[in-house]
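Structure record follows, encoded as C-alpha cells.
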Amino acid sequence: MKRTDEHTPRHHRVLVVDGTGRGHAVCELFTRTDPDVVVYYGPGCDVIEHDRIIPVSTLTLTNPRPTLEFLAEHPVDFVFISNIDALSRGYVEILRAFGHRVIGPTAEAAELESSKERGKRFCLDHGIPTAAYQSFTDPEAAKEYIRSLSYACVVKIDVLTPDGDGAVVCDTAGEATAAVDAFARTYGEQFKIVVEQRLTGQELSVFALLDGESALLFPTAMDFKRTLEQDAGGNCDGMGSIAPHPADDEALRQEIRTVLLEPLMRGIAADGLDFTGFVYLGTMITDAGLRVIEINARFGDSEAEVVLPGVQSSFTALCEAVLERRLHLEELTSDGLARCSVALTQGCLDPSDPQALPGWPFGAFETGQEVHGLAGIDPAEADVFYANLRRDAAGTPVTSGGRVLHVVGRGATADEARRGAYRQLAHVSFRGMRYRDDIGAEPAVVVPH
Ligand code: AMP
Ligand code: GLY
C-alpha cells in the first residue's frame, strides 16, 4: 500500500493516540469527512491499509515520551487522545506543556472515569441523576452495608480494570458480599469498594463532544456488555452495539441535554475541570427517568464503531471548533442509517479440551492466530474496524488480544444493519473466533443472570 508520504503538502495533519477499534473508527472519521487530512495513529494498528492513516507503532499508551519524540519530528495541527490509559496518565497536560494543541480531558478531569467514586460524587454534587451509593475501604463495612440494604446492588472496585470487569451486578446480598470478598482478594484493601443501588431499565450510551464550555450531542447507541447470548454471563468491554438506540427520539435527546449534559457542563465549570473531547455517559432509562451509571472520559468502544461512521460533518472542523471553544456554533450532521457492530473475539482454541485456555473474556487466551478473509468483507454492506489485530514477522494479520475486530453492518433499518453485520462477518475466520449471535436481535434489558 502506498501511503501519503509526510512531505506531501496537505492542509491538516493530526495524531490520534489510541490502539483500539474505537481508535480506528476515529481515524476513519477524520479521513472520510476531511479529504485533506493525514492521520498519524499510534500505537495504532499496522494492519490498517489506508493511504492517509499512518500507524506509528513506536507510541505507547503508558509513557508519553515516545509521543513527544514523534511530535518533535512530525509536527501536527493537533493531537486527539481517546484512550483512558493515556488520558489518566496525564498525556494531555504533558503534551500541552511542550506546546502541542491537544484534545482530551486532563488526568484530573479523566478521574471522572478512572475513579468510580469521583464520578459518583461529581454526579451527586452537580445534580446529575444517578443511583444511591456508598464507598468503603474496609470490606467488612461494605458487607455490613450490603446486608442492611432492602434493594439489590452492584459492587464495583474503584480502579480501572483491564476488561471492563470492575462491576458485579448482583441479585442477592450473598452474591454482593461474595463480590466484595473477591475484589478484596484480587486488589487487597488498596482501592475503595463502591456499593450502589442496582437500577433496572434499558441501558443507553450517550456521547457528546465537549470544548470545555459546551457540549455537542452525538447519536445514541446501545451496548451489549454481557459476554453471552441473551445477556447472560458477566460484563465485559462489550460484545457489540447498535445505533441509534431503539428509544432514540427528539424527546429523549432533549431530556439528555437538559437532565444530563447541562448539569454536566455546569459541574465541569464549577469544579474547574479541563475537559475537551468526548464524554460518554453510561445511562439507564428507568421508570423514574434517566440515571447515569458511569461517566467515561472517551468514546465508548464498540459504540464508536456504530456511531462515528454515520457522522458527516468534518471532524477536523469540529476539532478546530473545540480547540477554539466555539463548538456552540457547530451542528452535527449524520447519515441517519442504522448500524450494528459485532465483536469477533479470541475465544478458546479447543472447547472440547479441558486443558485449553478458556479464551477472552473468561480467562487467559492464546493470541497469534492467523486471521483470514478480511478482504472478503463487502464495503457496500459493512465496515470493519481493527482492534487487537497485528502483523506477524511475515506480515500476516494475527490476533493480538481479546477483542480482535468489529464488523459493522449498516442499513435503513436496525434489522437490515444486523443482517449485514452477520452476513459479512461470515467471511472472517481465525482459530478460537467467538462472537455473540444476537447483537441487535431484540432490545437488551437487564435480566437476572
Ligand atoms: P461500570 O463498571 O460502572 O462501568 O459498570 C459496568 C456495567 O455494569 C454497566 O454498563 C451496567 O451494565 C452495569 N451496572 C453498573 N452500575 C449499575 C447499576 N447501578 N445498576 C444496574 N447495572 C449497573
Ligand atoms: N462500551 C463500553 C466501554 O467503552 O466502556
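If you're wondering about the labels, chains in the C-alpha cells are A, B, ... by order shown, residues count from 1 in each chain, ligands from 1 in order shown.
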Return as JSON lines the residues of chain A lying at most 6 Å from ligand 1, together with the closest atom-to-atom pair for each and the distance in Å to one decimal, counting only C-alpha atoms and all ligand atoms, with rows in chain order and ascending residue number.
```
{"residue": "A:Ala131", "atom": "CA", "partner": "ligand 1", "partner_atom_place_in_ligand_line": "19 (N)", "distance": 5.6}
{"residue": "A:Val154", "atom": "CA", "partner": "ligand 1", "partner_atom_place_in_ligand_line": "17 (C)", "distance": 5.6}
{"residue": "A:Gly166", "atom": "CA", "partner": "ligand 1", "partner_atom_place_in_ligand_line": "2 (O)", "distance": 5.1}
{"residue": "A:Ala167", "atom": "CA", "partner": "ligand 1", "partner_atom_place_in_ligand_line": "2 (O)", "distance": 4.4}
{"residue": "A:Val169", "atom": "CA", "partner": "ligand 1", "partner_atom_place_in_ligand_line": "22 (N)", "distance": 5.9}
{"residue": "A:Glu196", "atom": "CA", "partner": "ligand 1", "partner_atom_place_in_ligand_line": "19 (N)", "distance": 5.5}
{"residue": "A:Gln197", "atom": "CA", "partner": "ligand 1", "partner_atom_place_in_ligand_line": "19 (N)", "distance": 5.1}
{"residue": "A:Arg198", "atom": "CA", "partner": "ligand 1", "partner_atom_place_in_ligand_line": "20 (N)", "distance": 3.6}
{"residue": "A:Leu199", "atom": "CA", "partner": "ligand 1", "partner_atom_place_in_ligand_line": "20 (N)", "distance": 3.7}
{"residue": "A:Thr200", "atom": "CA", "partner": "ligand 1", "partner_atom_place_in_ligand_line": "21 (C)", "distance": 6.0}
{"residue": "A:Ile293", "atom": "CA", "partner": "ligand 1", "partner_atom_place_in_ligand_line": "16 (N)", "distance": 5.1}
{"residue": "A:Glu294", "atom": "CA", "partner": "ligand 1", "partner_atom_place_in_ligand_line": "3 (O)", "distance": 4.9}
```
Subject >> Near-ligand residues for ligand 2, threshold 9 Å, only C-alpha atoms and all ligand atoms, as a list in words >> reply: Arg22, Asp163, Gly164, Ser205, Met222, Asp223, Phe224, Lys225, Cys236, Asp237, Gly238, Met239, Gly240, Ser241, Tyr280, Gly282, Asn296, Arg298, Phe299, Gly300, Asp301, Ser302, Glu303 and Ala304 of chain A
Could you write out that same residue set with C-alpha atoms as a PDB file, in the first residue's frame?
```pdb
ATOM      1  CA  ARG A  22     -12.558   2.948  18.584  1.00  0.00           C
ATOM      2  CA  ASP A 163     -11.544  -5.947  30.622  1.00  0.00           C
ATOM      3  CA  GLY A 164     -14.467  -3.922  31.915  1.00  0.00           C
ATOM      4  CA  SER A 205     -24.933   5.085  25.732  1.00  0.00           C
ATOM      5  CA  MET A 222     -26.942   0.581  22.853  1.00  0.00           C
ATOM      6  CA  ASP A 223     -24.028  -1.517  24.046  1.00  0.00           C
ATOM      7  CA  PHE A 224     -24.229  -5.288  24.522  1.00  0.00           C
ATOM      8  CA  LYS A 225     -21.925  -5.694  27.500  1.00  0.00           C
ATOM      9  CA  CYS A 236     -17.050  -7.388  29.645  1.00  0.00           C
ATOM     10  CA  ASP A 237     -15.827  -4.494  27.493  1.00  0.00           C
ATOM     11  CA  GLY A 238     -18.733  -5.199  25.171  1.00  0.00           C
ATOM     12  CA  MET A 239     -19.571  -7.770  22.510  1.00  0.00           C
ATOM     13  CA  GLY A 240     -21.209  -5.350  20.098  1.00  0.00           C
ATOM     14  CA  SER A 241     -23.596  -2.440  19.826  1.00  0.00           C
ATOM     15  CA  TYR A 280     -19.581   9.047  27.317  1.00  0.00           C
ATOM     16  CA  GLY A 282     -23.363   5.163  30.543  1.00  0.00           C
ATOM     17  CA  ASN A 296     -16.370   7.956  30.850  1.00  0.00           C
ATOM     18  CA  ARG A 298     -13.637   8.999  25.977  1.00  0.00           C
ATOM     19  CA  PHE A 299     -15.928   7.480  23.375  1.00  0.00           C
ATOM     20  CA  GLY A 300     -17.375   4.019  24.033  1.00  0.00           C
ATOM     21  CA  ASP A 301     -15.791   1.040  22.342  1.00  0.00           C
ATOM     22  CA  SER A 302     -17.643  -0.637  20.460  1.00  0.00           C
ATOM     23  CA  GLU A 303     -20.149   2.235  20.277  1.00  0.00           C
ATOM     24  CA  ALA A 304     -17.645   4.399  18.368  1.00  0.00           C
TER      25      ALA A 304
END
```
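Proximity of A:Ala441, A:Leu281, A:Ile295, A:Val206 to Glu117 (chain A), computed with only C-alpha atoms, is greatest for A:Ile295.
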Subject >> Selection: 7 Å around Val159 (chain A), only C-alpha atoms, excl. self and same-chain fewer than 3 positions, as a PyMOL selection string >> reply: chain A and resi 114-115+191
Preceding selection exported with N, CA, C and O atoms as a PDB file, in the first residue's frame:
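Written file, out-v5.pdb:
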```
ATOM      1  N   SER A 114     -11.737   7.333  35.736  1.00  0.00           N
ATOM      2  CA  SER A 114     -10.749   6.415  36.324  1.00  0.00           C
ATOM      3  C   SER A 114     -11.025   6.149  37.796  1.00  0.00           C
ATOM      4  O   SER A 114     -10.561   5.159  38.337  1.00  0.00           O
ATOM      5  N   SER A 115     -11.786   7.037  38.465  1.00  0.00           N
ATOM      6  CA  SER A 115     -12.230   6.751  39.834  1.00  0.00           C
ATOM      7  C   SER A 115     -13.757   6.728  39.843  1.00  0.00           C
ATOM      8  O   SER A 115     -14.408   7.753  39.645  1.00  0.00           O
ATOM      9  N   PHE A 191      -7.737  -0.255  47.117  1.00  0.00           N
ATOM     10  CA  PHE A 191      -8.726   0.517  46.381  1.00  0.00           C
ATOM     11  C   PHE A 191     -10.079   0.438  47.064  1.00  0.00           C
ATOM     12  O   PHE A 191     -10.408  -0.576  47.672  1.00  0.00           O
TER      13      PHE A 191
END
```
**OP:** Please provide as a PyMOL selection string all residues within 10 Å of region 40-49 of chain A, with the sequence filter that same-chain residues fewer than 2 positions apart are discarded (counting only C-alpha atoms).
**Re:** chain A and resi 1-3+13-21+23-24+26-27+37-38+51-61+66-67+70+74+76+79-81+385-392+395-398
For the selection just defined, write its residues with C-alpha atoms to a file, as a compact mmCIF listing (two decimals), in the first residue's frame.
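out-v1.txt was written with the following content:
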```txt
# COMPACT_ATOMS: atom_id res chain seq x y z
CA MET A 1 0.00 0.00 0.00
CA LYS A 2 1.35 3.39 -0.97
CA ARG A 3 0.87 5.76 1.93
CA ARG A 13 -2.13 16.67 9.94
CA VAL A 14 -3.32 15.13 13.19
CA LEU A 15 -2.15 12.48 15.62
CA VAL A 16 -4.71 10.10 17.14
CA VAL A 17 -3.47 8.37 20.31
CA ASP A 18 -5.31 5.08 20.75
CA GLY A 19 -4.98 1.48 19.68
CA THR A 20 -8.48 0.04 19.68
CA GLY A 21 -11.40 -0.43 17.31
CA GLY A 23 -9.23 4.50 17.54
CA HIS A 24 -9.61 3.04 14.04
CA VAL A 26 -11.83 7.94 14.91
CA CYS A 27 -9.15 7.77 12.19
CA VAL A 37 -6.27 15.30 6.46
CA VAL A 38 -3.42 12.89 7.11
CA ASP A 51 -3.26 5.94 2.20
CA ARG A 52 -3.93 8.69 4.78
CA ILE A 53 -3.82 6.69 8.04
CA ILE A 54 -0.22 6.15 9.08
CA PRO A 55 0.32 3.76 12.00
CA VAL A 56 3.02 4.80 14.48
CA SER A 57 3.71 1.65 16.41
CA THR A 58 6.50 3.20 18.50
CA LEU A 59 3.97 5.15 20.59
CA THR A 60 2.61 3.66 23.80
CA LEU A 61 -0.41 4.42 25.98
CA PRO A 66 7.80 8.37 22.52
CA THR A 67 4.80 10.55 21.61
CA PHE A 70 7.48 11.61 17.47
CA HIS A 74 6.45 15.21 12.82
CA VAL A 76 0.79 18.13 13.60
CA VAL A 79 -3.37 15.64 18.87
CA PHE A 80 -6.59 13.76 19.65
CA ILE A 81 -6.30 11.39 22.63
CA PHE A 385 -12.58 -1.77 12.49
CA TYR A 386 -9.42 -3.41 13.77
CA ALA A 387 -8.69 -3.66 17.47
CA ASN A 388 -6.29 -6.41 18.59
CA LEU A 389 -5.01 -7.35 15.18
CA ARG A 390 -1.31 -7.06 14.24
CA ARG A 391 1.04 -8.21 11.52
CA ASP A 392 3.40 -11.02 12.48
CA GLY A 395 3.34 -9.64 7.54
CA THR A 396 0.28 -11.83 8.13
CA PRO A 397 -2.56 -10.39 10.25
CA VAL A 398 -2.80 -12.31 13.55
```
Original post:
Counting only C-alpha atoms, which of A:Leu124, A:Ala364, A:Leu323, A:Leu228 gets nearest to Gly212 (chain A)?
Top reply: A:Leu323
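With distances restricted to only C-alpha atoms, A:Phe278 is the closest residue to Phe218 (chain A) from A:Tyr133, A:Phe278, A:Tyr435, A:Tyr151.
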**OP:** Could you find all residues in region 127-274 of chain A that DSSP calls alpha helix (DSSP H) from the backbone, and write them as a VMD selection string?
**Re:** chain A and resid 139 to 148 173 to 187 250 to 255 262 to 270
**OP:** Please provide as a PyMOL selection string all residues within 7 Å of Ile242 (chain A), with the sequence filter that same-chain residues fewer than 4 positions apart are discarded (counting only C-alpha atoms).
**Re:** chain A and resi 221-223+306+339-341+440
Save the residues we just selected, N, CA, C and O atoms, as a short mmCIF file (atom, residue, chain, number, x, y, z; two decimals), in the first residue's frame?
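Writing the result to out-v1.cif gives the following:
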```
data_model
loop_
_atom_site.label_atom_id
_atom_site.label_comp_id
_atom_site.auth_asym_id
_atom_site.auth_seq_id
_atom_site.Cartn_x
_atom_site.Cartn_y
_atom_site.Cartn_z
N ALA A 221 -26.43 5.19 21.34
CA ALA A 221 -26.20 3.78 20.98
C ALA A 221 -26.61 2.87 22.13
O ALA A 221 -26.87 3.35 23.24
N MET A 222 -26.71 1.59 21.82
CA MET A 222 -26.94 0.58 22.85
C MET A 222 -25.80 -0.42 22.79
O MET A 222 -25.49 -0.95 21.73
N ASP A 223 -25.18 -0.63 23.94
CA ASP A 223 -24.03 -1.52 24.05
C ASP A 223 -24.50 -2.88 24.53
O ASP A 223 -25.40 -2.95 25.37
N VAL A 306 -20.21 2.12 15.75
CA VAL A 306 -21.55 2.24 15.15
C VAL A 306 -22.02 3.69 15.04
O VAL A 306 -22.93 3.99 14.27
N ARG A 339 -26.86 1.12 12.40
CA ARG A 339 -25.65 0.30 12.34
C ARG A 339 -25.64 -0.73 13.47
O ARG A 339 -26.21 -0.48 14.54
N CYS A 340 -24.99 -1.84 13.20
CA CYS A 340 -24.89 -2.92 14.19
C CYS A 340 -23.47 -3.46 14.13
O CYS A 340 -23.01 -3.85 13.06
N SER A 341 -22.78 -3.44 15.27
CA SER A 341 -21.41 -3.97 15.27
C SER A 341 -21.35 -5.24 16.09
O SER A 341 -21.99 -5.37 17.13
N GLY A 440 -28.24 -6.92 18.69
CA GLY A 440 -29.30 -6.17 17.99
C GLY A 440 -30.54 -6.98 17.71
O GLY A 440 -31.48 -6.48 17.08
#
```
Original post:
Which residue, A:Pro75, A:Gly99, A:Gly104, A:Pro309, has the smallest gap to Val322 (chain A) when you use only C-alpha atoms?
Top reply: A:Gly104
Original post:
Mind checking DSSP for region 117-346 of chain A and telling me the strand (DSSP E) residues as an NGL selection string?
Top reply: :A and (133-136 or 153-157 or 167-169 or 193-197 or 202-210 or 215-217 or 222-223 or 226-228 or 232-235 or 240-243 or 277-286 or 289-296 or 338-346)
Original post:
Within 10 Å of Gly409 (chain A), counting only C-alpha atoms, which residues qualify if same-chain residues fewer than 4 places away don't, as a list in words?
Top reply: Ile242, Val306, Ala338, Arg339, Cys340, Ser341, Val342, Asp378, Pro379, Ala380, Glu381, Ala382, Asp383, Val384, Ala414, Asp415, Glu416, Ala417, Arg418, Arg419, Gly420, Ala421, Tyr422, Arg423, Gln424 and Leu425 of chain A
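Minimum atom-to-atom distances from A:Asp85, A:Asp271, A:Glu305, A:Glu69 to Ala343 (chain A) were compared using only C-alpha atoms, and the lowest value belongs to A:Glu305.
With only C-alpha atoms as the atoms that count, the residue of A:Trp360, A:Asp231, A:Pro246, A:Ile256 with the shortest distance to Asp165 (chain A) is A:Trp360.
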Original post:
Could you name the residues that touch region 87-96 of chain A at 6 Å or less, counting only C-alpha atoms, but leaving out those on the same chain fewer than 4 positions away, as an NGL selection string?
Top reply: :A and (100 or 106-107 or 110)
Kindly save the residues from that selection, with N, CA, C and O atoms included, as a short mmCIF file (atom, residue, chain, number, x, y, z; two decimals), in the first residue's frame.
```cif
data_model
loop_
_atom_site.label_atom_id
_atom_site.label_comp_id
_atom_site.auth_asym_id
_atom_site.auth_seq_id
_atom_site.Cartn_x
_atom_site.Cartn_y
_atom_site.Cartn_z
N HIS A 100 2.09 21.58 22.34
CA HIS A 100 1.19 20.97 21.36
C HIS A 100 -0.27 21.30 21.67
O HIS A 100 -0.64 21.48 22.82
N THR A 106 -7.81 16.39 30.86
CA THR A 106 -6.59 16.22 31.66
C THR A 106 -6.80 15.03 32.60
O THR A 106 -7.92 14.54 32.78
N ALA A 107 -5.72 14.60 33.25
CA ALA A 107 -5.82 13.45 34.18
C ALA A 107 -6.85 13.74 35.27
O ALA A 107 -7.62 12.86 35.66
N ALA A 110 -10.17 13.31 33.73
CA ALA A 110 -10.39 11.90 33.38
C ALA A 110 -10.68 11.05 34.60
O ALA A 110 -11.14 9.92 34.48
#
```
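Rounded to one decimal, CA of Thr62 (chain A) and CA of Lys156 (chain A) lie 23.9 Å from each other.
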